[in-house]
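Pasted below: upload_39.pdb, PDB, C-alpha atoms.
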ATOM      1  CA  MET A   4       5.778  17.792  -9.155
ATOM      2  CA  TYR A   5       3.916  14.579 -10.000
ATOM      3  CA  LEU A   6       7.223  12.675 -10.272
ATOM      4  CA  LEU A   7       8.216  13.794  -6.778
ATOM      5  CA  ARG A   8       4.859  12.571  -5.511
ATOM      6  CA  ALA A   9       5.388   9.343  -7.471
ATOM      7  CA  PHE A  10       8.697   8.903  -5.648
ATOM      8  CA  VAL A  11       6.942   9.326  -2.294
ATOM      9  CA  VAL A  12       4.362   6.696  -3.283
ATOM     10  CA  TRP A  13       7.187   4.401  -4.383
ATOM     11  CA  LEU A  14       8.697   4.726  -0.900
ATOM     12  CA  VAL A  15       5.368   3.480   0.475
ATOM     13  CA  ILE A  16       5.366   0.661  -2.085
ATOM     14  CA  ILE A  17       8.906  -0.429  -1.284
ATOM     15  CA  GLY A  18       8.188  -0.317   2.448
ATOM     16  CA  VAL A  19       5.098  -2.477   2.050
ATOM     17  CA  GLU A  20       6.958  -4.830  -0.312
ATOM     18  CA  THR A  21       9.787  -5.173   2.192
ATOM     19  CA  VAL A  22       7.343  -6.235   4.910
ATOM     20  CA  HIS A  23       5.646  -8.493   2.341
ATOM     21  CA  GLY A  24       9.020 -10.131   1.624
ATOM     22  CA  ILE A  25       9.697 -10.673   5.306
ATOM     23  CA  PHE A  26       6.299 -12.339   5.762
ATOM     24  CA  ARG A  27       6.914 -14.444   2.640
ATOM     25  CA  ALA A  28      10.230 -15.663   4.022
ATOM     26  CA  LEU A  29       8.872 -16.350   7.499
ATOM     27  CA  PHE A  30       5.533 -17.949   6.705
ATOM     28  CA  LEU A  31       5.233 -19.002   3.062
ATOM     29  CA  ALA A  32       8.746 -20.192   2.208
ATOM     30  CA  PRO A  33       8.820 -22.880   4.924
ATOM     31  CA  ILE A  34       5.645 -24.377   3.453
ATOM     32  CA  LEU A  35       6.226 -23.981  -0.306
ATOM     33  CA  GLY A  36       9.970 -23.626  -0.540
ATOM     34  CA  ASP A  37      11.803 -20.387  -1.279
ATOM     35  CA  PHE A  38      11.434 -20.234  -5.060
ATOM     36  CA  SER A  39       7.750 -21.241  -5.097
ATOM     37  CA  ALA A  40       7.045 -18.722  -2.350
ATOM     38  CA  ARG A  41       8.693 -16.024  -4.472
ATOM     39  CA  GLN A  42       6.501 -17.057  -7.414
ATOM     40  CA  VAL A  43       3.325 -16.731  -5.333
ATOM     41  CA  ALA A  44       4.551 -13.442  -3.875
ATOM     42  CA  VAL A  45       4.642 -11.845  -7.333
ATOM     43  CA  GLY A  46       0.846 -12.108  -7.429
ATOM     44  CA  THR A  47       0.242 -10.950  -3.890
ATOM     45  CA  GLY A  48       2.821  -8.190  -4.290
ATOM     46  CA  SER A  49       1.116  -7.004  -7.461
ATOM     47  CA  LEU A  50      -2.166  -6.774  -5.571
ATOM     48  CA  LEU A  51      -0.489  -4.762  -2.826
ATOM     49  CA  ILE A  52       1.105  -2.382  -5.338
ATOM     50  CA  PHE A  53      -2.187  -1.929  -7.149
ATOM     51  CA  SER A  54      -3.947  -1.212  -3.842
ATOM     52  CA  ILE A  55      -1.392   1.445  -2.948
ATOM     53  CA  ALA A  56      -1.627   3.002  -6.413
ATOM     54  CA  PHE A  57      -5.413   2.993  -6.198
ATOM     55  CA  CYS A  58      -5.275   4.854  -2.871
ATOM     56  CA  PHE A  59      -2.763   7.469  -4.041
ATOM     57  CA  ILE A  60      -3.626   7.907  -7.726
ATOM     58  CA  ARG A  61      -5.555  11.153  -7.297
ATOM     59  CA  TRP A  62      -2.882  12.602  -5.035
ATOM     60  CA  LEU A  63      -0.248  12.022  -7.729
ATOM     61  CA  HIS A  64      -1.858  14.535 -10.106
ATOM     62  CA  ALA A  65      -0.476  12.686 -13.118
ATOM     63  CA  GLU A  66      -3.339  13.772 -15.345
ATOM     64  CA  THR A  67      -2.461  12.141 -18.663
ATOM     65  CA  THR A  68      -1.864   8.606 -19.833
ATOM     66  CA  LEU A  69       1.715   9.518 -20.724
ATOM     67  CA  ARG A  70       2.375  10.849 -17.224
ATOM     68  CA  LEU A  71       0.772   7.790 -15.649
ATOM     69  CA  PHE A  72       3.047   5.539 -17.726
ATOM     70  CA  ALA A  73       6.001   7.718 -16.682
ATOM     71  CA  VAL A  74       5.051   7.104 -13.046
ATOM     72  CA  GLY A  75       4.886   3.352 -13.659
ATOM     73  CA  LEU A  76       8.257   3.340 -15.405
ATOM     74  CA  LEU A  77       9.767   5.406 -12.592
ATOM     75  CA  TRP A  78       8.495   2.855 -10.081
ATOM     76  CA  VAL A  79       9.964  -0.009 -12.110
ATOM     77  CA  GLY A  80      13.343   1.704 -12.465
ATOM     78  CA  LEU A  81      13.546   2.569  -8.779
ATOM     79  CA  THR A  82      12.504  -0.963  -7.834
ATOM     80  CA  LEU A  83      15.217  -2.485 -10.021
ATOM     81  CA  LEU A  84      17.819  -0.142  -8.535
ATOM     82  CA  PHE A  85      16.622  -0.997  -5.044
ATOM     83  CA  GLU A  86      16.538  -4.751  -5.640
ATOM     84  CA  PHE A  87      19.891  -5.055  -7.361
ATOM     85  CA  GLY A  88      21.503  -2.487  -5.062
ATOM     86  CA  LEU A  89      20.254  -4.117  -1.882
ATOM     87  CA  GLY A  90      20.653  -7.681  -3.111
ATOM     88  CA  GLY A  91      23.997  -7.299  -4.837
ATOM     89  CA  LEU A  92      25.801  -4.579  -2.945
ATOM     90  CA  VAL A  93      24.388  -4.858   0.576
ATOM     91  CA  LEU A  94      23.442  -8.533   0.896
ATOM     92  CA  GLY A  95      26.118  -9.808  -1.496
ATOM     93  CA  LEU A  96      23.784 -12.128  -3.383
ATOM     94  CA  PRO A  97      25.248 -13.659  -6.548
ATOM     95  CA  TRP A  98      24.091 -12.384  -9.958
ATOM     96  CA  GLU A  99      22.428 -15.769 -10.706
ATOM     97  CA  ARG A 100      20.236 -15.458  -7.603
ATOM     98  CA  LEU A 101      19.303 -11.862  -8.404
ATOM     99  CA  THR A 102      18.255 -12.699 -11.963
ATOM    100  CA  GLU A 103      16.528 -16.067 -11.479
ATOM    101  CA  ASP A 104      13.219 -14.422 -10.539
ATOM    102  CA  TYR A 105      13.166 -12.730 -13.969
ATOM    103  CA  ASN A 106      13.743 -15.886 -16.045
ATOM    104  CA  LEU A 107      10.271 -16.737 -17.321
ATOM    105  CA  THR A 108      11.488 -19.979 -18.940
ATOM    106  CA  ARG A 109      12.522 -21.225 -15.487
ATOM    107  CA  GLY A 110       9.379 -20.101 -13.683
ATOM    108  CA  GLY A 111      10.494 -16.644 -12.619
ATOM    109  CA  PHE A 112       7.536 -14.252 -12.705
ATOM    110  CA  LEU A 113       9.106 -11.043 -11.403
ATOM    111  CA  GLY A 114       9.417  -9.581 -14.903
ATOM    112  CA  VAL A 115       5.665 -10.007 -15.300
ATOM    113  CA  GLY A 116       5.190  -8.325 -11.930
ATOM    114  CA  LEU A 117       7.309  -5.361 -13.023
ATOM    115  CA  LEU A 118       5.379  -5.107 -16.279
ATOM    116  CA  PHE A 119       2.192  -4.978 -14.216
ATOM    117  CA  MET A 120       3.783  -2.306 -12.015
ATOM    118  CA  ALA A 121       4.505  -0.209 -15.113
ATOM    119  CA  VAL A 122       0.827  -0.125 -16.115
ATOM    120  CA  THR A 123      -0.616  -0.011 -12.596
ATOM    121  CA  PRO A 124      -0.991   3.800 -12.467
ATOM    122  CA  VAL A 125      -3.034   3.773 -15.695
ATOM    123  CA  LEU A 126      -5.199   0.895 -14.457
ATOM    124  CA  ALA A 127      -5.700   2.505 -11.046
ATOM    125  CA  ALA A 128      -6.672   5.829 -12.641
ATOM    126  CA  ARG A 129      -9.192   4.142 -14.892
ATOM    127  CA  LEU A 130     -10.647   2.117 -12.057
ATOM    128  CA  ARG A 131     -10.981   5.263  -9.994
ATOM    129  CA  ARG A 132     -13.048   6.569 -12.926
ATOM    130  CA  LYS A 133     -10.574   9.316 -13.415
ATOM    131  CA  ALA A 134      -9.779   8.457 -17.001
ATOM    132  CA  PRO A 135      -6.549  10.130 -18.048
ATOM    133  CA  ARG A 136      -6.375  12.464 -21.017
ATOM    134  CA  SER A 137      -4.310  11.425 -23.993
ATOM    135  CA  GLU A 138      -1.363  13.589 -24.933
TER     136      GLU A 138
END

Go ahead and express the file in the form of structure tokens.
Amino acid sequence: MYLLRAFVVWLVIIGVETVHGIFRALFLAPILGDFSARQVAVGTGSLLIFSIAFCFIRWLHAETTLRLFAVGLLWVGLTLLFEFGLGGLVLGLPWERLTEDYNLTRGGFLGVGLLFMAVTPVLAARLRRKAPRSE
């Protein structure tokens, strides 16, 4: 049941991140340039994801550290499917464009953002003072 709830929270996350991306493209990219705006957006997006996780963490009922990590990994997997599905199949973006945000040696920080997303449920649970049990 907690994974179904995690999916519902991910839908909230992806909705908020979609609006975040639209605002990035409209307001930040014209000032910083597209790639730099995407770099900055990894940080602001991570804060948004953490805020959502913090609000929903008790509702998830993922009571152990292992389950919280499972939630984070589910979110990462769904996000990758969404990004590559939307970007590649729907928008027709080239593979190079889809992967450049993950190349840390070229300034792409999205991999770091996804790593943060994976641990966000654990961090949110601990911050909520609802320390998860170990399994």

For the file shown, report as a short mmCIF file (atom, residue, chain, number, x, y, z; two decimals) with C-alpha atoms, keeping the file's coordinate frame the outcome of the PyMOL selection byres ((chain A and resi 19) around 12) at residue level.
data_model
loop_
_atom_site.label_atom_id
_atom_site.label_comp_id
_atom_site.auth_asym_id
_atom_site.auth_seq_id
_atom_site.Cartn_x
_atom_site.Cartn_y
_atom_site.Cartn_z
CA VAL A 12 4.36 6.70 -3.28
CA TRP A 13 7.19 4.40 -4.38
CA LEU A 14 8.70 4.73 -0.90
CA VAL A 15 5.37 3.48 0.48
CA ILE A 16 5.37 0.66 -2.08
CA ILE A 17 8.91 -0.43 -1.28
CA GLY A 18 8.19 -0.32 2.45
CA GLU A 20 6.96 -4.83 -0.31
CA THR A 21 9.79 -5.17 2.19
CA VAL A 22 7.34 -6.24 4.91
CA HIS A 23 5.65 -8.49 2.34
CA GLY A 24 9.02 -10.13 1.62
CA ILE A 25 9.70 -10.67 5.31
CA PHE A 26 6.30 -12.34 5.76
CA THR A 47 0.24 -10.95 -3.89
CA GLY A 48 2.82 -8.19 -4.29
CA SER A 49 1.12 -7.00 -7.46
CA LEU A 50 -2.17 -6.77 -5.57
CA LEU A 51 -0.49 -4.76 -2.83
CA ILE A 52 1.10 -2.38 -5.34
CA PHE A 53 -2.19 -1.93 -7.15
CA SER A 54 -3.95 -1.21 -3.84
CA ILE A 55 -1.39 1.44 -2.95
#

Using only C-alpha atoms, the residue out of A:Ala65, A:Leu89, A:Met4, A:Arg41 with shortest distance to A:Glu103 is A:Arg41

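Restricting the calculation to only C-alpha atoms, the smallest distance between A:Thr123 and any of A:Leu96, A:Ile34, A:Val79, A:Ala56 is found for A:Ala56.
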
Using Å and a single decimal, report how far atom CA of A:Val122 sits from atom CA of A:Gly110.
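Atom CA of A:Val122 lies at a distance of 21.9 Å from atom CA of A:Gly110.
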
Name the residues in contact with A:Phe112 at a cut-off of 8 Å, using only C-alpha atoms, excluding same-chain residues fewer than 5 positions from it; report them as a ChimeraX atom specification.
/A:42,45,104-107

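Here atom CA of A:Leu117 is placed at a distance of 22.5 Å from atom CA of A:Gly95.
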
Taken to one decimal, the atom CA of A:Gly111-atom CA of A:Asp37 distance is 12.0 Å

Of A:Val74, A:Leu113, A:Cys58, A:Leu94, the one sitting nearest A:Arg131 when using only C-alpha atoms is A:Cys58

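If you count only C-alpha atoms and ignore residues fewer than 2 places along the chain from A:Tyr5, what sits within 12 Å of it is Leu7, Arg8, Ala9, Phe10, Val11, Val12, Phe59, Ile60, Arg61, Trp62, Leu63, His64, Ala65, Glu66, Thr67, Arg70, Leu71, Phe72, Ala73, Val74, Gly75 and Leu77 of chain A.
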
If you count only C-alpha atoms, the residue of A:Leu6, A:Leu83, A:Ala128, A:Ala32 closest to A:Gly114 turns out to be A:Leu83

Student task, stretch 33-49 of chain A output with all heavy atoms as a PDB file, in the first residue's frame:
ATOM      1  N   PRO A  33      16.004  32.850 -20.076  1.00  0.00           N
ATOM      2  CA  PRO A  33      16.371  34.060 -20.823  1.00  0.00           C
ATOM      3  C   PRO A  33      17.470  34.884 -20.150  1.00  0.00           C
ATOM      4  O   PRO A  33      18.205  35.604 -20.822  1.00  0.00           O
ATOM      5  CB  PRO A  33      15.063  34.865 -20.874  1.00  0.00           C
ATOM      6  CG  PRO A  33      13.987  33.855 -20.720  1.00  0.00           C
ATOM      7  CD  PRO A  33      14.565  32.815 -19.793  1.00  0.00           C
ATOM      8  N   ILE A  34      17.602  34.761 -18.851  1.00  0.00           N
ATOM      9  CA  ILE A  34      18.618  35.526 -18.124  1.00  0.00           C
ATOM     10  C   ILE A  34      19.949  34.779 -18.081  1.00  0.00           C
ATOM     11  O   ILE A  34      21.001  35.355 -18.358  1.00  0.00           O
ATOM     12  CB  ILE A  34      18.136  35.811 -16.683  1.00  0.00           C
ATOM     13  CG1 ILE A  34      16.879  36.683 -16.718  1.00  0.00           C
ATOM     14  CG2 ILE A  34      19.235  36.463 -15.847  1.00  0.00           C
ATOM     15  CD1 ILE A  34      16.149  36.773 -15.394  1.00  0.00           C
ATOM     16  N   LEU A  35      19.907  33.487 -17.744  1.00  0.00           N
ATOM     17  CA  LEU A  35      21.130  32.704 -17.535  1.00  0.00           C
ATOM     18  C   LEU A  35      21.544  31.873 -18.738  1.00  0.00           C
ATOM     19  O   LEU A  35      22.676  31.400 -18.791  1.00  0.00           O
ATOM     20  CB  LEU A  35      20.946  31.750 -16.351  1.00  0.00           C
ATOM     21  CG  LEU A  35      20.664  32.369 -14.987  1.00  0.00           C
ATOM     22  CD1 LEU A  35      20.451  31.276 -13.959  1.00  0.00           C
ATOM     23  CD2 LEU A  35      21.794  33.293 -14.577  1.00  0.00           C
ATOM     24  N   GLY A  36      20.659  31.662 -19.645  1.00  0.00           N
ATOM     25  CA  GLY A  36      20.886  30.693 -20.712  1.00  0.00           C
ATOM     26  C   GLY A  36      20.258  29.365 -20.296  1.00  0.00           C
ATOM     27  O   GLY A  36      20.106  29.084 -19.105  1.00  0.00           O
ATOM     28  N   ASP A  37      19.936  28.531 -21.289  1.00  0.00           N
ATOM     29  CA  ASP A  37      19.196  27.309 -21.017  1.00  0.00           C
ATOM     30  C   ASP A  37      19.951  26.341 -20.110  1.00  0.00           C
ATOM     31  O   ASP A  37      19.409  25.868 -19.111  1.00  0.00           O
ATOM     32  CB  ASP A  37      18.827  26.617 -22.334  1.00  0.00           C
ATOM     33  CG  ASP A  37      17.989  25.374 -22.112  1.00  0.00           C
ATOM     34  OD1 ASP A  37      16.936  25.488 -21.454  1.00  0.00           O
ATOM     35  OD2 ASP A  37      18.398  24.297 -22.575  1.00  0.00           O
ATOM     36  N   PHE A  38      21.203  26.044 -20.437  1.00  0.00           N
ATOM     37  CA  PHE A  38      21.932  25.048 -19.656  1.00  0.00           C
ATOM     38  C   PHE A  38      22.180  25.523 -18.223  1.00  0.00           C
ATOM     39  O   PHE A  38      21.975  24.768 -17.265  1.00  0.00           O
ATOM     40  CB  PHE A  38      23.261  24.668 -20.328  1.00  0.00           C
ATOM     41  CG  PHE A  38      23.952  23.525 -19.670  1.00  0.00           C
ATOM     42  CD1 PHE A  38      23.441  22.237 -19.776  1.00  0.00           C
ATOM     43  CD2 PHE A  38      25.107  23.721 -18.930  1.00  0.00           C
ATOM     44  CE1 PHE A  38      24.063  21.157 -19.164  1.00  0.00           C
ATOM     45  CE2 PHE A  38      25.735  22.654 -18.316  1.00  0.00           C
ATOM     46  CZ  PHE A  38      25.213  21.371 -18.432  1.00  0.00           C
ATOM     47  N   SER A  39      22.592  26.762 -18.047  1.00  0.00           N
ATOM     48  CA  SER A  39      22.808  27.295 -16.695  1.00  0.00           C
ATOM     49  C   SER A  39      21.514  27.322 -15.894  1.00  0.00           C
ATOM     50  O   SER A  39      21.505  27.041 -14.695  1.00  0.00           O
ATOM     51  CB  SER A  39      23.407  28.703 -16.766  1.00  0.00           C
ATOM     52  OG  SER A  39      24.706  28.661 -17.317  1.00  0.00           O
ATOM     53  N   ALA A  40      20.424  27.643 -16.558  1.00  0.00           N
ATOM     54  CA  ALA A  40      19.120  27.633 -15.874  1.00  0.00           C
ATOM     55  C   ALA A  40      18.771  26.224 -15.420  1.00  0.00           C
ATOM     56  O   ALA A  40      18.238  26.028 -14.322  1.00  0.00           O
ATOM     57  CB  ALA A  40      18.037  28.188 -16.806  1.00  0.00           C
ATOM     58  N   ARG A  41      19.090  25.216 -16.244  1.00  0.00           N
ATOM     59  CA  ARG A  41      18.830  23.837 -15.849  1.00  0.00           C
ATOM     60  C   ARG A  41      19.712  23.432 -14.674  1.00  0.00           C
ATOM     61  O   ARG A  41      19.284  22.674 -13.809  1.00  0.00           O
ATOM     62  CB  ARG A  41      19.022  22.887 -17.034  1.00  0.00           C
ATOM     63  CG  ARG A  41      17.870  22.982 -18.023  1.00  0.00           C
ATOM     64  CD  ARG A  41      17.969  21.983 -19.148  1.00  0.00           C
ATOM     65  NE  ARG A  41      18.854  22.512 -20.180  1.00  0.00           N
ATOM     66  CZ  ARG A  41      19.759  21.794 -20.832  1.00  0.00           C
ATOM     67  NH1 ARG A  41      19.920  20.526 -20.589  1.00  0.00           N
ATOM     68  NH2 ARG A  41      20.501  22.354 -21.763  1.00  0.00           N
ATOM     69  N   GLN A  42      20.939  23.948 -14.625  1.00  0.00           N
ATOM     70  CA  GLN A  42      21.818  23.666 -13.487  1.00  0.00           C
ATOM     71  C   GLN A  42      21.226  24.231 -12.197  1.00  0.00           C
ATOM     72  O   GLN A  42      21.174  23.553 -11.170  1.00  0.00           O
ATOM     73  CB  GLN A  42      23.209  24.261 -13.723  1.00  0.00           C
ATOM     74  CG  GLN A  42      24.023  23.519 -14.743  1.00  0.00           C
ATOM     75  CD  GLN A  42      25.356  24.200 -14.984  1.00  0.00           C
ATOM     76  OE1 GLN A  42      25.433  25.410 -15.155  1.00  0.00           O
ATOM     77  NE2 GLN A  42      26.414  23.401 -14.977  1.00  0.00           N
ATOM     78  N   VAL A  43      20.802  25.474 -12.228  1.00  0.00           N
ATOM     79  CA  VAL A  43      20.204  26.115 -11.055  1.00  0.00           C
ATOM     80  C   VAL A  43      18.929  25.382 -10.645  1.00  0.00           C
ATOM     81  O   VAL A  43      18.667  25.174  -9.459  1.00  0.00           O
ATOM     82  CB  VAL A  43      19.904  27.613 -11.349  1.00  0.00           C
ATOM     83  CG1 VAL A  43      19.052  28.229 -10.247  1.00  0.00           C
ATOM     84  CG2 VAL A  43      21.202  28.384 -11.531  1.00  0.00           C
ATOM     85  N   ALA A  44      18.157  24.957 -11.638  1.00  0.00           N
ATOM     86  CA  ALA A  44      16.872  24.314 -11.363  1.00  0.00           C
ATOM     87  C   ALA A  44      17.024  22.972 -10.649  1.00  0.00           C
ATOM     88  O   ALA A  44      16.081  22.522  -9.992  1.00  0.00           O
ATOM     89  CB  ALA A  44      16.089  24.141 -12.659  1.00  0.00           C
ATOM     90  N   VAL A  45      18.179  22.340 -10.750  1.00  0.00           N
ATOM     91  CA  VAL A  45      18.386  21.101  -9.985  1.00  0.00           C
ATOM     92  C   VAL A  45      18.291  21.401  -8.492  1.00  0.00           C
ATOM     93  O   VAL A  45      17.650  20.669  -7.740  1.00  0.00           O
ATOM     94  CB  VAL A  45      19.736  20.433 -10.341  1.00  0.00           C
ATOM     95  CG1 VAL A  45      20.043  19.287  -9.392  1.00  0.00           C
ATOM     96  CG2 VAL A  45      19.727  19.932 -11.775  1.00  0.00           C
ATOM     97  N   GLY A  46      18.882  22.488  -8.061  1.00  0.00           N
ATOM     98  CA  GLY A  46      18.817  22.871  -6.644  1.00  0.00           C
ATOM     99  C   GLY A  46      17.423  23.267  -6.209  1.00  0.00           C
ATOM    100  O   GLY A  46      16.921  22.783  -5.192  1.00  0.00           O
ATOM    101  N   THR A  47      16.784  24.119  -6.986  1.00  0.00           N
ATOM    102  CA  THR A  47      15.437  24.547  -6.602  1.00  0.00           C
ATOM    103  C   THR A  47      14.443  23.387  -6.713  1.00  0.00           C
ATOM    104  O   THR A  47      13.546  23.254  -5.883  1.00  0.00           O
ATOM    105  CB  THR A  47      14.969  25.741  -7.457  1.00  0.00           C
ATOM    106  OG1 THR A  47      15.052  25.402  -8.842  1.00  0.00           O
ATOM    107  CG2 THR A  47      15.809  26.981  -7.176  1.00  0.00           C
ATOM    108  N   GLY A  48      14.634  22.537  -7.704  1.00  0.00           N
ATOM    109  CA  GLY A  48      13.777  21.361  -7.834  1.00  0.00           C
ATOM    110  C   GLY A  48      13.948  20.396  -6.675  1.00  0.00           C
ATOM    111  O   GLY A  48      12.975  19.819  -6.181  1.00  0.00           O
ATOM    112  N   SER A  49      15.184  20.241  -6.216  1.00  0.00           N
ATOM    113  CA  SER A  49      15.437  19.377  -5.064  1.00  0.00           C
ATOM    114  C   SER A  49      14.740  19.910  -3.819  1.00  0.00           C
ATOM    115  O   SER A  49      14.187  19.133  -3.032  1.00  0.00           O
ATOM    116  CB  SER A  49      16.946  19.258  -4.810  1.00  0.00           C
ATOM    117  OG  SER A  49      17.578  18.574  -5.869  1.00  0.00           O
TER     118      SER A  49
END
